[in-house]
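S.K.: My questions all concern the structure below.
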Amino acid sequence: MTGADSGFLFTFFNAEVARQYWPVIASGALMTIGVGLAVVVTGTLLGLLLAITRALGSRALALPIIAFADIMRSLPPLVVLIVLYFGLPALGLPLSAFAVTWLSLSLVLAAYAEESIWAGISAVPRGQLEAARSTGMRWWQAMRLVVLPQALRRALPPLTNRVISITKNTALGSVVALNEILNNAQGASSHSGNPTPLMMAAFAYLVVFLPLVVFSRWLEQHWQQR
């Protein structure tokens, strides 16, 4: 091994530094997984609820939903996070770094999920809903059994891509001192004077998000085949 090779390994893959700080990176990975799962569940369900509400056909309900989706899709997630982190305490609603990160990313994901699911609902011929209603189904039964299965199949490809993109933004939680992967890695790198913790963070992100990418690809193919 040349001197350049050994110097590169010492700088970016220092075994001693990795041994010392891997518990910190692992702790950050658990926090990232926790926030990511909370965001996916809350954001997707809220987006689904908004899309179904919009499908009711009430203009009074649709306009606020459209405004919410447009505003949240226009704002960078970091701006939403900072506004909530510093704005909510002024309203007497202080939240932890975890709660603010979860709430911010959930709202952003809900906006994209609503638009994706609404596009899927709109793509289903209206005659199918009317035909289901003519058999005696209530509106909700027709939506749940006839329209939504087709709409979700259409919405799945763009929605899964958006879910992955937004859950990776858990790294923005480092701005509000959330002890996720990136924040812990930056602190460890500064303390050790070595970038090895950042390389460990990159590996941790692969461990956390690569299975999600593979699963989403399998899910898309599975639904397309069905």
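Residue numbers start at 1 in each chain; chains themselves are named A, B, ... in the order of the structure tokens; ligands are numbered from 1 in the order shown.
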Determine, counting only C-alpha atoms, which protein, DNA and RNA residues have an atom within 12 Å of an atom of Ile65 of chain A; residues of the same chain fewer than 2 positions away are not included. Present the result as a ChimeraX atom specification.
M.R.: /A:46-63,67-72,107,110-115,118
S.K.: Restricting it to C-alpha atoms, dump the selection as a compact mmCIF listing (two decimals), in the first residue's frame.
M.R.:
# COMPACT_ATOMS: atom_id res chain seq x y z
CA LEU A 46 -53.17 12.94 5.74
CA GLY A 47 -52.65 13.22 1.99
CA LEU A 48 -55.13 10.38 1.40
CA LEU A 49 -57.69 12.05 3.66
CA LEU A 50 -57.29 15.38 1.86
CA ALA A 51 -57.62 13.76 -1.57
CA ILE A 52 -60.81 11.95 -0.55
CA THR A 53 -62.21 15.14 0.96
CA ARG A 54 -61.43 16.99 -2.26
CA ALA A 55 -63.22 14.27 -4.23
CA LEU A 56 -66.46 15.11 -2.41
CA GLY A 57 -66.88 17.89 -4.93
CA SER A 58 -67.43 20.70 -2.45
CA ARG A 59 -65.77 23.90 -3.61
CA ALA A 60 -65.64 25.20 -0.03
CA LEU A 61 -63.56 22.16 0.95
CA ALA A 62 -61.52 21.89 -2.25
CA LEU A 63 -60.15 25.44 -2.32
CA ALA A 67 -54.15 26.23 -1.43
CA PHE A 68 -52.47 24.04 1.21
CA ALA A 69 -51.00 21.69 -1.39
CA ASP A 70 -49.72 24.50 -3.59
CA ILE A 71 -48.15 26.42 -0.70
CA MET A 72 -46.47 23.40 0.89
CA LEU A 107 -47.12 18.44 6.03
CA ALA A 110 -49.17 15.27 2.72
CA ALA A 111 -49.25 17.98 0.06
CA TYR A 112 -47.47 15.80 -2.50
CA ALA A 113 -49.45 12.71 -1.52
CA GLU A 114 -52.73 14.59 -1.89
CA GLU A 115 -51.83 15.74 -5.39
CA TRP A 118 -56.08 13.20 -6.44
S.K.: Write down as an mmCIF file with all heavy atoms, in the first residue's frame the residues of segment 89-122 of chain A whose backbone DSSP state falls under alpha helix (DSSP H).
M.R.:
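Printed below is part10.cif as written:
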data_model
loop_
_atom_site.group_PDB
_atom_site.id
_atom_site.type_symbol
_atom_site.label_atom_id
_atom_site.label_comp_id
_atom_site.auth_asym_id
_atom_site.auth_seq_id
_atom_site.Cartn_x
_atom_site.Cartn_y
_atom_site.Cartn_z
ATOM 1 N N PRO A 89 -43.457 28.332 19.178
ATOM 2 C CA PRO A 89 -43.272 28.815 20.557
ATOM 3 C C PRO A 89 -43.865 30.198 20.780
ATOM 4 O O PRO A 89 -44.346 30.499 21.880
ATOM 5 C CB PRO A 89 -41.743 28.827 20.718
ATOM 6 C CG PRO A 89 -41.259 27.789 19.777
ATOM 7 C CD PRO A 89 -42.180 27.887 18.592
ATOM 8 N N ALA A 90 -43.848 31.047 19.751
ATOM 9 C CA ALA A 90 -44.439 32.378 19.881
ATOM 10 C C ALA A 90 -45.948 32.303 20.060
ATOM 11 O O ALA A 90 -46.567 33.232 20.594
ATOM 12 C CB ALA A 90 -44.104 33.224 18.652
ATOM 13 N N ALA A 97 -37.457 19.029 18.992
ATOM 14 C CA ALA A 97 -36.858 18.930 17.654
ATOM 15 C C ALA A 97 -37.463 17.768 16.875
ATOM 16 O O ALA A 97 -37.706 17.874 15.671
ATOM 17 C CB ALA A 97 -35.342 18.763 17.782
ATOM 18 N N PHE A 98 -37.721 16.665 17.573
ATOM 19 C CA PHE A 98 -38.345 15.502 16.915
ATOM 20 C C PHE A 98 -39.721 15.866 16.390
ATOM 21 O O PHE A 98 -40.058 15.587 15.222
ATOM 22 C CB PHE A 98 -38.452 14.340 17.908
ATOM 23 C CG PHE A 98 -39.090 13.104 17.332
ATOM 24 C CD1 PHE A 98 -38.298 12.057 16.881
ATOM 25 C CD2 PHE A 98 -40.467 12.975 17.243
ATOM 26 C CE1 PHE A 98 -38.876 10.907 16.336
ATOM 27 C CE2 PHE A 98 -41.058 11.842 16.708
ATOM 28 C CZ PHE A 98 -40.259 10.808 16.257
ATOM 29 N N ALA A 99 -40.541 16.496 17.237
ATOM 30 C CA ALA A 99 -41.917 16.820 16.853
ATOM 31 C C ALA A 99 -41.954 17.819 15.710
ATOM 32 O O ALA A 99 -42.775 17.700 14.792
ATOM 33 C CB ALA A 99 -42.680 17.361 18.062
ATOM 34 N N VAL A 100 -41.071 18.821 15.742
ATOM 35 C CA VAL A 100 -41.061 19.833 14.680
ATOM 36 C C VAL A 100 -40.632 19.214 13.358
ATOM 37 O O VAL A 100 -41.230 19.492 12.309
ATOM 38 C CB VAL A 100 -40.127 20.995 15.060
ATOM 39 C CG1 VAL A 100 -39.902 21.917 13.864
ATOM 40 C CG2 VAL A 100 -40.722 21.800 16.208
ATOM 41 N N THR A 101 -39.611 18.374 13.380
ATOM 42 C CA THR A 101 -39.161 17.712 12.152
ATOM 43 C C THR A 101 -40.251 16.806 11.602
ATOM 44 O O THR A 101 -40.539 16.805 10.392
ATOM 45 C CB THR A 101 -37.884 16.896 12.419
ATOM 46 O OG1 THR A 101 -36.881 17.742 12.998
ATOM 47 C CG2 THR A 101 -37.340 16.300 11.135
ATOM 48 N N TRP A 102 -40.866 16.033 12.475
ATOM 49 C CA TRP A 102 -41.963 15.145 12.063
ATOM 50 C C TRP A 102 -43.124 15.934 11.471
ATOM 51 O O TRP A 102 -43.629 15.595 10.396
ATOM 52 C CB TRP A 102 -42.429 14.336 13.272
ATOM 53 C CG TRP A 102 -43.800 13.754 13.111
ATOM 54 C CD1 TRP A 102 -44.171 12.740 12.276
ATOM 55 C CD2 TRP A 102 -44.993 14.190 13.766
ATOM 56 N NE1 TRP A 102 -45.526 12.495 12.386
ATOM 57 C CE2 TRP A 102 -46.049 13.378 13.296
ATOM 58 C CE3 TRP A 102 -45.262 15.163 14.718
ATOM 59 C CZ2 TRP A 102 -47.361 13.531 13.740
ATOM 60 C CZ3 TRP A 102 -46.562 15.322 15.170
ATOM 61 C CH2 TRP A 102 -47.589 14.516 14.684
ATOM 62 N N LEU A 103 -43.549 16.992 12.148
ATOM 63 C CA LEU A 103 -44.684 17.784 11.687
ATOM 64 C C LEU A 103 -44.376 18.465 10.356
ATOM 65 O O LEU A 103 -45.197 18.444 9.424
ATOM 66 C CB LEU A 103 -45.060 18.824 12.739
ATOM 67 C CG LEU A 103 -46.216 19.770 12.395
ATOM 68 C CD1 LEU A 103 -47.490 18.972 12.136
ATOM 69 C CD2 LEU A 103 -46.431 20.779 13.515
ATOM 70 N N SER A 104 -43.209 19.054 10.232
ATOM 71 C CA SER A 104 -42.845 19.782 9.017
ATOM 72 C C SER A 104 -42.821 18.859 7.807
ATOM 73 O O SER A 104 -43.447 19.147 6.771
ATOM 74 C CB SER A 104 -41.470 20.435 9.187
ATOM 75 O OG SER A 104 -41.441 21.289 10.303
ATOM 76 N N LEU A 105 -42.116 17.753 7.918
ATOM 77 C CA LEU A 105 -41.997 16.843 6.779
ATOM 78 C C LEU A 105 -43.319 16.137 6.490
ATOM 79 O O LEU A 105 -43.612 15.814 5.333
ATOM 80 C CB LEU A 105 -40.885 15.828 7.035
ATOM 81 C CG LEU A 105 -39.474 16.410 7.189
ATOM 82 C CD1 LEU A 105 -38.454 15.294 7.384
ATOM 83 C CD2 LEU A 105 -39.101 17.268 5.980
ATOM 84 N N SER A 106 -44.125 15.900 7.520
ATOM 85 C CA SER A 106 -45.433 15.283 7.313
ATOM 86 C C SER A 106 -46.339 16.197 6.490
ATOM 87 O O SER A 106 -47.061 15.739 5.596
ATOM 88 C CB SER A 106 -46.101 14.961 8.656
ATOM 89 O OG SER A 106 -45.404 13.958 9.345
ATOM 90 N N LEU A 107 -46.301 17.490 6.784
ATOM 91 C CA LEU A 107 -47.123 18.442 6.030
ATOM 92 C C LEU A 107 -46.677 18.523 4.573
ATOM 93 O O LEU A 107 -47.507 18.576 3.654
ATOM 94 C CB LEU A 107 -47.050 19.823 6.684
ATOM 95 C CG LEU A 107 -47.714 19.953 8.059
ATOM 96 C CD1 LEU A 107 -47.475 21.346 8.634
ATOM 97 C CD2 LEU A 107 -49.210 19.663 7.975
ATOM 98 N N VAL A 108 -45.356 18.509 4.364
ATOM 99 C CA VAL A 108 -44.844 18.559 2.990
ATOM 100 C C VAL A 108 -45.231 17.289 2.232
ATOM 101 O O VAL A 108 -45.706 17.339 1.085
ATOM 102 C CB VAL A 108 -43.316 18.742 2.995
ATOM 103 C CG1 VAL A 108 -42.765 18.640 1.568
ATOM 104 C CG2 VAL A 108 -42.935 20.085 3.614
ATOM 105 N N LEU A 109 -45.049 16.135 2.876
ATOM 106 C CA LEU A 109 -45.404 14.873 2.224
ATOM 107 C C LEU A 109 -46.907 14.798 1.966
ATOM 108 O O LEU A 109 -47.334 14.300 0.913
ATOM 109 C CB LEU A 109 -44.958 13.690 3.082
ATOM 110 C CG LEU A 109 -45.324 12.303 2.550
ATOM 111 C CD1 LEU A 109 -44.758 12.087 1.159
ATOM 112 C CD2 LEU A 109 -44.834 11.218 3.501
ATOM 113 N N ALA A 110 -47.713 15.297 2.896
ATOM 114 C CA ALA A 110 -49.171 15.271 2.723
ATOM 115 C C ALA A 110 -49.584 16.059 1.481
ATOM 116 O O ALA A 110 -50.497 15.650 0.754
ATOM 117 C CB ALA A 110 -49.850 15.839 3.962
ATOM 118 N N ALA A 111 -48.918 17.171 1.232
ATOM 119 C CA ALA A 111 -49.248 17.984 0.056
ATOM 120 C C ALA A 111 -48.966 17.208 -1.233
ATOM 121 O O ALA A 111 -49.797 17.192 -2.160
ATOM 122 C CB ALA A 111 -48.449 19.287 0.077
ATOM 123 N N TYR A 112 -47.810 16.567 -1.302
ATOM 124 C CA TYR A 112 -47.472 15.802 -2.502
ATOM 125 C C TYR A 112 -48.342 14.551 -2.626
ATOM 126 O O TYR A 112 -48.755 14.174 -3.734
ATOM 127 C CB TYR A 112 -46.001 15.415 -2.479
ATOM 128 C CG TYR A 112 -45.069 16.541 -2.836
ATOM 129 C CD1 TYR A 112 -44.415 17.274 -1.852
ATOM 130 C CD2 TYR A 112 -44.844 16.888 -4.169
ATOM 131 C CE1 TYR A 112 -43.559 18.322 -2.180
ATOM 132 C CE2 TYR A 112 -43.997 17.927 -4.507
ATOM 133 C CZ TYR A 112 -43.355 18.637 -3.501
ATOM 134 O OH TYR A 112 -42.508 19.673 -3.828
ATOM 135 N N ALA A 113 -48.611 13.898 -1.487
ATOM 136 C CA ALA A 113 -49.452 12.705 -1.520
ATOM 137 C C ALA A 113 -50.868 13.055 -1.974
ATOM 138 O O ALA A 113 -51.477 12.319 -2.765
ATOM 139 C CB ALA A 113 -49.486 12.052 -0.140
ATOM 140 N N GLU A 114 -51.378 14.164 -1.485
ATOM 141 C CA GLU A 114 -52.727 14.589 -1.892
ATOM 142 C C GLU A 114 -52.802 14.803 -3.396
ATOM 143 O O GLU A 114 -53.751 14.350 -4.050
ATOM 144 C CB GLU A 114 -53.100 15.876 -1.149
ATOM 145 C CG GLU A 114 -54.528 16.342 -1.387
ATOM 146 C CD GLU A 114 -54.690 17.158 -2.658
ATOM 147 O OE1 GLU A 114 -53.715 17.840 -3.058
ATOM 148 O OE2 GLU A 114 -55.779 17.099 -3.275
ATOM 149 N N GLU A 115 -51.809 15.477 -3.953
ATOM 150 C CA GLU A 115 -51.826 15.740 -5.392
ATOM 151 C C GLU A 115 -51.694 14.452 -6.198
ATOM 152 O O GLU A 115 -52.353 14.278 -7.227
ATOM 153 C CB GLU A 115 -50.704 16.709 -5.753
ATOM 154 C CG GLU A 115 -50.974 18.141 -5.342
ATOM 155 C CD GLU A 115 -52.177 18.724 -6.059
ATOM 156 O OE1 GLU A 115 -52.196 18.727 -7.300
ATOM 157 O OE2 GLU A 115 -53.109 19.165 -5.361
ATOM 158 N N SER A 116 -50.850 13.532 -5.744
ATOM 159 C CA SER A 116 -50.666 12.267 -6.467
ATOM 160 C C SER A 116 -51.939 11.430 -6.428
ATOM 161 O O SER A 116 -52.378 10.885 -7.454
ATOM 162 C CB SER A 116 -49.499 11.478 -5.859
ATOM 163 O OG SER A 116 -48.276 12.174 -6.014
ATOM 164 N N ILE A 117 -52.535 11.325 -5.248
ATOM 165 C CA ILE A 117 -53.745 10.511 -5.104
ATOM 166 C C ILE A 117 -54.921 11.172 -5.815
ATOM 167 O O ILE A 117 -55.744 10.497 -6.444
ATOM 168 C CB ILE A 117 -54.056 10.275 -3.614
ATOM 169 C CG1 ILE A 117 -52.911 9.478 -2.965
ATOM 170 C CG2 ILE A 117 -55.374 9.527 -3.452
ATOM 171 C CD1 ILE A 117 -53.008 9.353 -1.460
ATOM 172 N N TRP A 118 -55.012 12.506 -5.738
ATOM 173 C CA TRP A 118 -56.082 13.205 -6.438
ATOM 174 C C TRP A 118 -55.969 13.007 -7.945
ATOM 175 O O TRP A 118 -56.980 12.822 -8.639
ATOM 176 C CB TRP A 118 -56.047 14.685 -6.097
ATOM 177 C CG TRP A 118 -56.934 15.519 -6.975
ATOM 178 C CD1 TRP A 118 -56.551 16.430 -7.916
ATOM 179 C CD2 TRP A 118 -58.365 15.497 -7.017
ATOM 180 N NE1 TRP A 118 -57.643 16.974 -8.544
ATOM 181 C CE2 TRP A 118 -58.781 16.416 -8.015
ATOM 182 C CE3 TRP A 118 -59.335 14.788 -6.321
ATOM 183 C CZ2 TRP A 118 -60.108 16.646 -8.306
ATOM 184 C CZ3 TRP A 118 -60.673 15.005 -6.622
ATOM 185 C CH2 TRP A 118 -61.045 15.933 -7.606
ATOM 186 N N ALA A 119 -54.745 13.033 -8.452
ATOM 187 C CA ALA A 119 -54.548 12.783 -9.883
ATOM 188 C C ALA A 119 -55.011 11.376 -10.243
ATOM 189 O O ALA A 119 -55.607 11.157 -11.312
ATOM 190 C CB ALA A 119 -53.079 12.976 -10.250
ATOM 191 N N GLY A 120 -54.745 10.409 -9.359
ATOM 192 C CA GLY A 120 -55.206 9.045 -9.594
ATOM 193 C C GLY A 120 -56.718 8.948 -9.576
ATOM 194 O O GLY A 120 -57.325 8.258 -10.408
ATOM 195 N N ILE A 121 -57.357 9.639 -8.623
ATOM 196 C CA ILE A 121 -58.819 9.631 -8.548
ATOM 197 C C ILE A 121 -59.413 10.272 -9.801
ATOM 198 O O ILE A 121 -60.392 9.775 -10.373
ATOM 199 C CB ILE A 121 -59.287 10.381 -7.286
ATOM 200 C CG1 ILE A 121 -58.892 9.590 -6.021
ATOM 201 C CG2 ILE A 121 -60.794 10.604 -7.315
ATOM 202 C CD1 ILE A 121 -59.210 10.294 -4.721
ATOM 203 N N SER A 122 -58.824 11.361 -10.241
ATOM 204 C CA SER A 122 -59.339 12.067 -11.420
ATOM 205 C C SER A 122 -59.200 11.231 -12.679
ATOM 206 O O SER A 122 -59.975 11.403 -13.632
ATOM 207 C CB SER A 122 -58.593 13.400 -11.600
ATOM 208 O OG SER A 122 -58.763 14.228 -10.465
#
S.K.: Between A:Gly87, A:Pro197, A:Gly34, A:Gly28, which is the closest to Ser174 of chain A once you count only C-alpha atoms?
M.R.: A:Gly28
S.K.: Give me the residues near Gln20 of chain A as a PyMOL selection string, where near means some atom within 12 Å (using only C-alpha atoms) and where sequence neighbours in that chain fewer than 6 positions away do not count.
M.R.: chain A and resi 14+26+188-189+191-192+194+196-197+200
S.K.: Store the residues picked out above in a file with N, CA, C and O atoms, as a short mmCIF file (atom, residue, chain, number, x, y, z; two decimals), in the first residue's frame.
M.R.:
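What landed in out-v5.cif:
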data_model
loop_
_atom_site.label_atom_id
_atom_site.label_comp_id
_atom_site.auth_asym_id
_atom_site.auth_seq_id
_atom_site.Cartn_x
_atom_site.Cartn_y
_atom_site.Cartn_z
N ASN A 14 -10.85 5.70 9.12
CA ASN A 14 -10.00 5.48 10.28
C ASN A 14 -10.69 4.49 11.21
O ASN A 14 -11.75 4.78 11.78
N ALA A 26 -25.01 4.95 15.19
CA ALA A 26 -26.12 4.01 15.31
C ALA A 26 -27.32 4.66 16.01
O ALA A 26 -28.47 4.46 15.61
N ALA A 188 -19.47 14.30 15.77
CA ALA A 188 -18.37 13.35 15.97
C ALA A 188 -17.17 13.71 15.11
O ALA A 188 -16.02 13.60 15.56
N SER A 189 -17.41 14.16 13.89
CA SER A 189 -16.31 14.56 13.01
C SER A 189 -15.57 15.77 13.57
O SER A 189 -14.33 15.82 13.53
N HIS A 191 -15.45 16.66 16.73
CA HIS A 191 -14.79 16.29 17.98
C HIS A 191 -13.52 15.48 17.72
O HIS A 191 -12.51 15.64 18.43
N SER A 192 -13.57 14.61 16.71
CA SER A 192 -12.42 13.75 16.43
C SER A 192 -11.42 14.41 15.49
O SER A 192 -10.27 13.96 15.39
N ASN A 194 -11.68 14.31 12.33
CA ASN A 194 -11.52 13.33 11.25
C ASN A 194 -12.87 13.14 10.56
O ASN A 194 -13.90 13.05 11.24
N THR A 196 -14.09 10.56 9.15
CA THR A 196 -14.58 9.19 9.15
C THR A 196 -16.04 9.08 9.60
O THR A 196 -16.82 8.32 9.00
N PRO A 197 -16.47 9.80 10.65
CA PRO A 197 -17.89 9.71 11.03
C PRO A 197 -18.85 10.12 9.92
O PRO A 197 -19.96 9.58 9.83
N MET A 200 -19.18 7.18 7.76
CA MET A 200 -20.05 6.23 8.44
C MET A 200 -21.51 6.65 8.29
O MET A 200 -22.40 5.80 8.14
#
S.K.: From the options A:Trp22, A:Thr135, A:Phe209, A:Gly92, which residue's atoms come nearest to Ile166 of chain A, counting only C-alpha atoms?
M.R.: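 Closest candidate: A:Phe209.
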S.K.: Record the distance separating atom CA of Ala29 of chain A and atom CA of His222 of chain A, expressed in Å with one decimal.
M.R.: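 Computing it gives 29.0 Å between the two atoms.
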S.K.: What's the separation between atom CA of Leu81 of chain A and atom CA of Pro23 of chain A, in Å to one decimal place?
M.R.: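 Between atom CA of Leu81 of chain A and atom CA of Pro23 of chain A the gap works out to 27.2 Å.
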